[in-house]
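Novice: Here you go, my_file04.csv (CSV, C-alpha atoms):
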chain,number,residue,atom,x,y,z
H,1,MET,CA,90.7,85.0,111.9
H,2,LYS,CA,92.4,85.8,108.6
H,3,GLN,CA,93.4,89.5,108.1
H,4,ALA,CA,93.2,91.5,104.9
H,5,LEU,CA,94.3,95.0,104.0
H,6,VAL,CA,92.2,96.7,101.3
H,7,THR,CA,92.9,100.1,99.8
H,8,GLY,CA,90.2,102.2,98.3
H,9,ALA,CA,87.8,100.8,100.9
H,10,SER,CA,85.3,103.6,101.0
H,11,SER,CA,83.6,103.1,97.6
H,12,GLY,CA,83.4,101.2,94.3
H,13,ILE,CA,85.2,98.0,93.9
H,14,GLY,CA,87.2,98.4,97.0
H,15,ALA,CA,84.1,98.7,99.2
H,16,ALA,CA,82.5,95.7,97.5
H,17,ILE,CA,85.7,93.7,98.2
H,18,VAL,CA,85.5,94.7,101.8
H,19,GLY,CA,81.9,93.6,102.1
H,20,GLN,CA,82.7,90.2,100.5
H,21,LEU,CA,85.6,89.6,102.8
H,22,LEU,CA,83.6,90.4,105.9
H,23,ALA,CA,80.9,88.0,104.7
H,24,GLU,CA,83.6,85.3,104.3
H,25,GLY,CA,84.8,85.8,107.9
H,26,TRP,CA,87.9,87.9,107.3
H,27,GLN,CA,89.1,90.7,109.5
H,28,VAL,CA,89.6,93.7,107.3
H,29,LEU,CA,91.6,96.9,107.6
H,30,GLY,CA,90.4,99.4,105.0
H,31,LEU,CA,92.5,102.3,103.8
H,32,SER,CA,91.0,105.4,102.2
H,33,ARG,CA,90.8,109.1,102.6
H,34,SER,CA,87.1,109.1,103.6
H,35,ALA,CA,85.3,106.8,105.9
H,36,PRO,CA,83.2,104.1,104.2
H,37,PRO,CA,79.4,104.3,104.7
H,38,PHE,CA,79.2,101.0,106.6
H,39,ALA,CA,80.4,99.5,109.9
H,40,HIS,CA,81.2,96.0,111.0
H,41,GLU,CA,82.8,94.5,114.1
H,42,ALA,CA,85.5,92.9,112.0
H,43,PHE,CA,86.2,96.0,110.0
H,44,MET,CA,88.7,98.8,111.0
H,45,HIS,CA,89.2,102.0,108.9
H,46,LEU,CA,92.4,103.9,108.6
H,47,ALA,CA,92.1,107.3,107.1
H,48,VAL,CA,95.0,108.0,104.9
H,49,ASP,CA,95.8,109.3,101.4
H,50,VAL,CA,97.6,106.3,99.9
H,51,SER,CA,99.0,108.5,97.1
H,52,ASP,CA,101.0,110.3,99.8
H,53,ARG,CA,104.0,108.0,100.2
H,54,GLN,CA,105.2,109.3,103.6
H,55,ALA,CA,101.7,109.4,105.0
H,56,LEU,CA,101.2,105.8,103.9
H,57,VAL,CA,104.5,104.6,105.3
H,58,ASP,CA,103.7,106.3,108.7
H,59,ALA,CA,100.2,104.7,108.7
H,60,LEU,CA,101.5,101.2,108.0
H,61,SER,CA,104.2,101.4,110.7
H,62,SER,CA,101.9,100.0,113.4
H,63,VAL,CA,99.8,97.7,111.2
H,64,PRO,CA,100.3,94.0,111.7
H,65,THR,CA,101.2,91.9,108.7
H,66,PRO,CA,98.0,90.8,106.9
H,67,GLN,CA,97.5,87.5,105.1
H,68,ALA,CA,96.2,89.3,102.0
H,69,ILE,CA,96.7,92.7,100.5
H,70,ILE,CA,94.3,94.1,97.9
H,71,HIS,CA,95.2,97.4,96.3
H,72,ALA,CA,92.0,98.6,94.9
H,73,ALA,CA,92.4,102.4,95.2
H,74,GLY,CA,92.3,104.1,91.9
H,75,VAL,CA,91.2,107.0,89.7
H,76,MET,CA,90.7,107.4,86.0
H,77,ALA,CA,91.9,110.3,83.9
H,78,ALA,CA,91.9,110.7,80.2
H,79,ALA,CA,93.5,113.2,77.8
H,80,PRO,CA,94.9,113.1,74.3
H,81,LEU,CA,98.5,114.1,73.3
H,82,GLY,CA,98.8,117.9,73.4
H,83,GLU,CA,96.6,118.0,76.6
H,84,LEU,CA,98.6,115.7,78.9
H,85,ASP,CA,98.9,117.2,82.4
H,86,ALA,CA,102.1,116.2,84.1
H,87,LEU,CA,100.7,116.7,87.6
H,88,ARG,CA,97.8,114.5,86.8
H,89,GLY,CA,100.2,111.8,85.5
H,90,GLU,CA,102.2,112.0,88.7
H,91,THR,CA,99.0,111.7,90.8
H,92,LEU,CA,98.0,108.5,88.9
H,93,TRP,CA,101.5,107.1,89.3
H,94,ARG,CA,101.6,107.7,93.1
H,95,LEU,CA,98.2,106.3,93.7
H,96,HIS,CA,98.4,103.2,91.4
H,97,VAL,CA,102.0,102.3,91.3
H,98,ASP,CA,103.9,103.9,94.2
H,99,ALA,CA,101.3,102.9,96.7
H,100,ALA,CA,101.5,99.3,95.5
H,101,GLN,CA,105.3,99.4,95.9
H,102,THR,CA,105.0,100.8,99.4
H,103,LEU,CA,102.5,98.2,100.5
H,104,ALA,CA,104.5,95.3,99.1
H,105,ASN,CA,107.8,96.6,100.3
H,106,ARG,CA,106.4,96.9,103.8
H,107,PHE,CA,104.7,93.5,104.1
H,108,ALA,CA,105.8,91.0,101.5
H,109,PRO,CA,109.2,90.2,103.2
H,110,VAL,CA,107.3,89.2,106.4
H,111,MET,CA,104.1,87.7,105.0
H,112,SER,CA,103.5,84.0,105.9
H,113,ARG,CA,103.3,81.2,103.4
H,114,GLY,CA,99.9,81.3,101.6
H,115,GLY,CA,99.9,85.1,101.5
H,116,ARG,CA,98.2,86.9,98.7
H,117,ILE,CA,98.8,90.2,97.0
H,118,ILE,CA,96.2,91.3,94.5
H,119,LEU,CA,96.5,94.5,92.5
H,120,LEU,CA,93.5,96.1,90.7
H,121,GLY,CA,94.6,96.8,87.1
H,122,SER,CA,92.7,97.5,83.9
H,123,ARG,CA,92.0,95.7,80.7
H,124,THR,CA,93.5,98.8,79.0
H,125,SER,CA,97.0,98.0,80.4
H,126,ARG,CA,98.2,97.2,76.8
H,127,GLY,CA,97.3,100.7,75.7
H,128,ALA,CA,94.2,102.8,74.8
H,129,ALA,CA,94.0,106.0,72.8
H,130,GLY,CA,93.5,109.1,74.9
H,131,ARG,CA,94.3,107.2,78.2
H,132,SER,CA,98.1,107.0,78.0
H,133,GLN,CA,98.9,108.2,81.5
H,134,TYR,CA,96.3,105.9,83.1
H,135,THR,CA,97.2,102.9,81.1
H,136,ALA,CA,100.9,103.3,81.7
H,137,THR,CA,100.3,103.0,85.5
H,138,LYS,CA,98.2,99.9,84.9
H,139,ALA,CA,100.9,98.3,82.7
H,140,ALA,CA,103.4,99.0,85.5
H,141,LEU,CA,101.2,97.1,87.9
H,142,VAL,CA,101.4,94.0,85.7
H,143,ALA,CA,105.2,94.3,85.5
H,144,LEU,CA,105.4,94.7,89.3
H,145,ALA,CA,103.1,91.7,89.9
H,146,ARG,CA,105.1,89.4,87.6
H,147,SER,CA,108.4,90.5,89.1
H,148,TRP,CA,107.1,90.1,92.7
H,149,ALA,CA,105.5,86.8,91.9
H,150,ALA,CA,108.9,85.5,90.7
H,151,GLU,CA,110.6,86.8,93.9
H,152,LEU,CA,107.9,85.4,96.3
H,153,ALA,CA,107.0,82.1,94.7
H,154,ALA,CA,109.5,80.1,96.9
H,155,ALA,CA,107.9,81.7,100.0
H,156,GLY,CA,104.5,80.5,98.9
H,157,ILE,CA,103.1,84.0,98.3
H,158,THR,CA,101.2,84.7,95.2
H,159,VAL,CA,100.8,88.0,93.3
H,160,ASN,CA,98.2,88.7,90.6
H,161,VAL,CA,96.5,91.5,88.8
H,162,VAL,CA,92.7,91.6,88.4
H,163,ALA,CA,92.1,93.7,85.3
H,164,PRO,CA,88.4,94.6,84.7
H,165,GLY,CA,87.0,96.5,81.8
H,166,ALA,CA,84.6,99.4,82.3
H,167,THR,CA,82.9,98.7,85.7
H,168,ASP,CA,79.7,100.2,86.9
H,169,THR,CA,81.2,102.3,89.8
H,170,PRO,CA,81.3,106.0,90.7
H,171,MET,CA,84.8,106.2,89.1
H,172,LEU,CA,83.1,106.1,85.7
H,173,HIS,CA,81.5,109.5,86.4
H,174,GLN,CA,84.6,111.2,87.8
H,175,PRO,CA,85.7,114.5,86.2
H,176,GLY,CA,88.6,114.2,83.8
H,177,ARG,CA,87.4,111.4,81.6
H,178,GLU,CA,84.9,113.3,79.4
H,179,SER,CA,87.3,112.9,76.4
H,180,SER,CA,87.3,109.1,76.8
H,181,PRO,CA,83.8,107.8,77.9
H,182,PRO,CA,83.4,104.1,78.7
H,183,LYS,CA,82.3,101.9,75.8
H,184,THR,CA,79.8,99.1,76.2
H,185,PRO,CA,81.5,95.8,75.6
H,186,PRO,CA,80.2,93.1,73.3
H,187,LEU,CA,78.3,91.4,76.1
H,188,GLY,CA,76.1,94.5,76.0
H,189,ARG,CA,76.6,95.8,79.5
H,190,LEU,CA,79.3,97.1,81.9
H,191,ILE,CA,81.1,94.8,84.3
H,192,LYS,CA,79.4,94.6,87.7
H,193,PRO,CA,81.5,95.2,90.8
H,194,GLN,CA,80.4,91.9,92.3
H,195,GLU,CA,81.8,90.1,89.3
H,196,VAL,CA,85.2,91.6,90.0
H,197,VAL,CA,84.8,90.8,93.7
H,198,SER,CA,84.1,87.2,92.9
H,199,LEU,CA,87.4,86.9,90.9
H,200,VAL,CA,89.3,88.5,93.8
H,201,SER,CA,87.6,86.1,96.2
H,202,TRP,CA,88.7,83.2,94.1
H,203,LEU,CA,92.3,84.4,94.1
H,204,LEU,CA,92.2,84.4,97.9
H,205,SER,CA,91.0,80.9,98.0
H,206,GLU,CA,92.9,77.6,98.2
H,207,GLY,CA,91.7,76.8,94.8
H,208,ALA,CA,93.9,79.6,93.4
H,209,ALA,CA,97.0,78.7,95.4
H,210,ALA,CA,99.0,77.9,92.2
H,211,MET,CA,97.9,81.1,90.3
H,212,THR,CA,100.6,83.7,90.4
H,213,GLY,CA,102.1,86.4,88.2
H,214,GLN,CA,99.0,86.6,86.1
H,215,GLU,CA,96.8,89.4,84.7
H,216,LEU,CA,93.2,88.2,84.8
H,217,VAL,CA,91.1,90.2,82.4
H,218,MET,CA,87.4,90.5,82.9
H,219,CYS,CA,86.0,92.8,80.2
H,220,GLY,CA,82.8,91.4,78.7
H,221,GLY,CA,84.7,90.8,75.5
H,222,ALA,CA,86.0,94.4,75.1
H,223,SER,CA,89.6,93.2,74.6
H,224,LEU,CA,88.6,90.9,71.7
H,225,SER,CA,88.5,93.8,69.2
Re-express the file's structure as structure tokens.

Specialist:
Amino acid sequence: MKQALVTGASSGIGAAIVGQLLAEGWQVLGLSRSAPPFAHEAFMHLAVDVSDRQALVDALSSVPTPQAIIHAAGVMAAAPLGELDALRGETLWRLHVDAAQTLANRFAPVMSRGGRIILLGSRTSRGAAGRSQYTATKAALVALARSWAAELAAAGITVNVVAPGATDTPMLHQPGRESSPPKTPPLGRLIKPQEVVSLVSWLLSEGAAAMTGQELVMCGGASLS
């Protein structure tokens, strides 16, 4: 049975990814601070704050190498210049970027051929007014993915970023983004979590074996303007 590790497994896109993988016959290890509201014989939960580097390193020490890593944990924070909070920026960096580095550094050197690393980014990785701290971390994920893809290509391991626009998840309603509310894209609705999941599922398939080092944007046309 194929094994996958998914961060942010308790809610939002991460939980949706877990559900899809279980339906496809994967064995899944989910990492999150709180336990997810579901159970499955092929699912195991590991309670850990992935933004805490040492806690994550310790938690991963006894985890077997998975065939796929999906880093879906994330939070959104928005603030204009003059109101940037350094501690908030550090939190975003630890959760989005440092956790990705820790996961890849631990497992990529020993992953088998055909392994997959997927990072959840954002269509705003090229910049967005009022979201500089958040978008900087998502831009960093793209740089990491392209660098790792170049390093791991010869080993047959692919690395990609799935970059959705505003997605209808609980994160849209988190405190801290009042100054930058989500905008409805040209298609007239928010992205559905299952649409993001479908893209992740494809990247894990044999049909995507040659796709690596890419940022796949799914935004309902929001990036066109």

Novice: Report, in Å to a single decimal, how far apart CA of His45 in chain H and CA of Gln27 in chain H are.

Specialist: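 If I compute the distance from CA of Gln27 in chain H to CA of His45 in chain H, I get 11.3 Å.
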
Novice: Need to verify the contact set: Gly121 in chain H, 6 Å, all atoms listed in the file, exclusion of same-chain residues closer than 5 positions in sequence. Can you return it as a list in words?

Specialist: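 My reading of the contact set: Lys138, Val161, Val162 and Ala163 of chain H.
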
Novice: Filtering to C-alpha atoms, could you give me those residues as a short mmCIF file (atom, residue, chain, number, x, y, z; two decimals), in the frame of the given file?

Specialist:
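Output file out-v9.cif is given in full below:
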data_model
loop_
_atom_site.label_atom_id
_atom_site.label_comp_id
_atom_site.auth_asym_id
_atom_site.auth_seq_id
_atom_site.Cartn_x
_atom_site.Cartn_y
_atom_site.Cartn_z
CA LYS H 138 98.20 99.90 84.90
CA VAL H 161 96.50 91.50 88.80
CA VAL H 162 92.70 91.60 88.40
CA ALA H 163 92.10 93.70 85.30
#

Novice: What is the distance between CA of Ser205 in chain H and CA of Ala108 in chain H, in Å to one decimal?

Specialist: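 Going from CA of Ser205 in chain H over to CA of Ala108 in chain H covers 18.3 Å.
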
Novice: Just the residues within 10 Å of Glu24 in chain H, please, counting all atoms listed in the file, with nothing from its chain fewer than 6 positions along; format it as a VMD selection string.

Specialist: chain H and resid 2 18 201

Novice: Using all atoms listed in the file, which residue out of H:Asp58, H:Gly114, H:Ser125, H:Thr7 lies closest to Gly207 in chain H?

Specialist: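 Ranking H:Asp58, H:Gly114, H:Ser125, H:Thr7 by distance to Gly207 in chain H, first place goes to H:Gly114.
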
Novice: How many Å separate CA of Ala39 in chain H from CA of Leu21 in chain H?

Specialist: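 Those two atoms sit 13.2 Å apart.
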
Novice: Would you please work out which residue, of H:Arg131, H:Arg126, H:Arg189, H:Arg113, is nearest to Leu152 in chain H when using all atoms listed in the file?

Specialist: H:Arg113

Novice: I need the residue nearest Trp148 in chain H from this list: H:Arg53, H:Glu206, H:Pro186, H:Thr212. Use all atoms listed in the file for the distance.

Specialist: H:Thr212
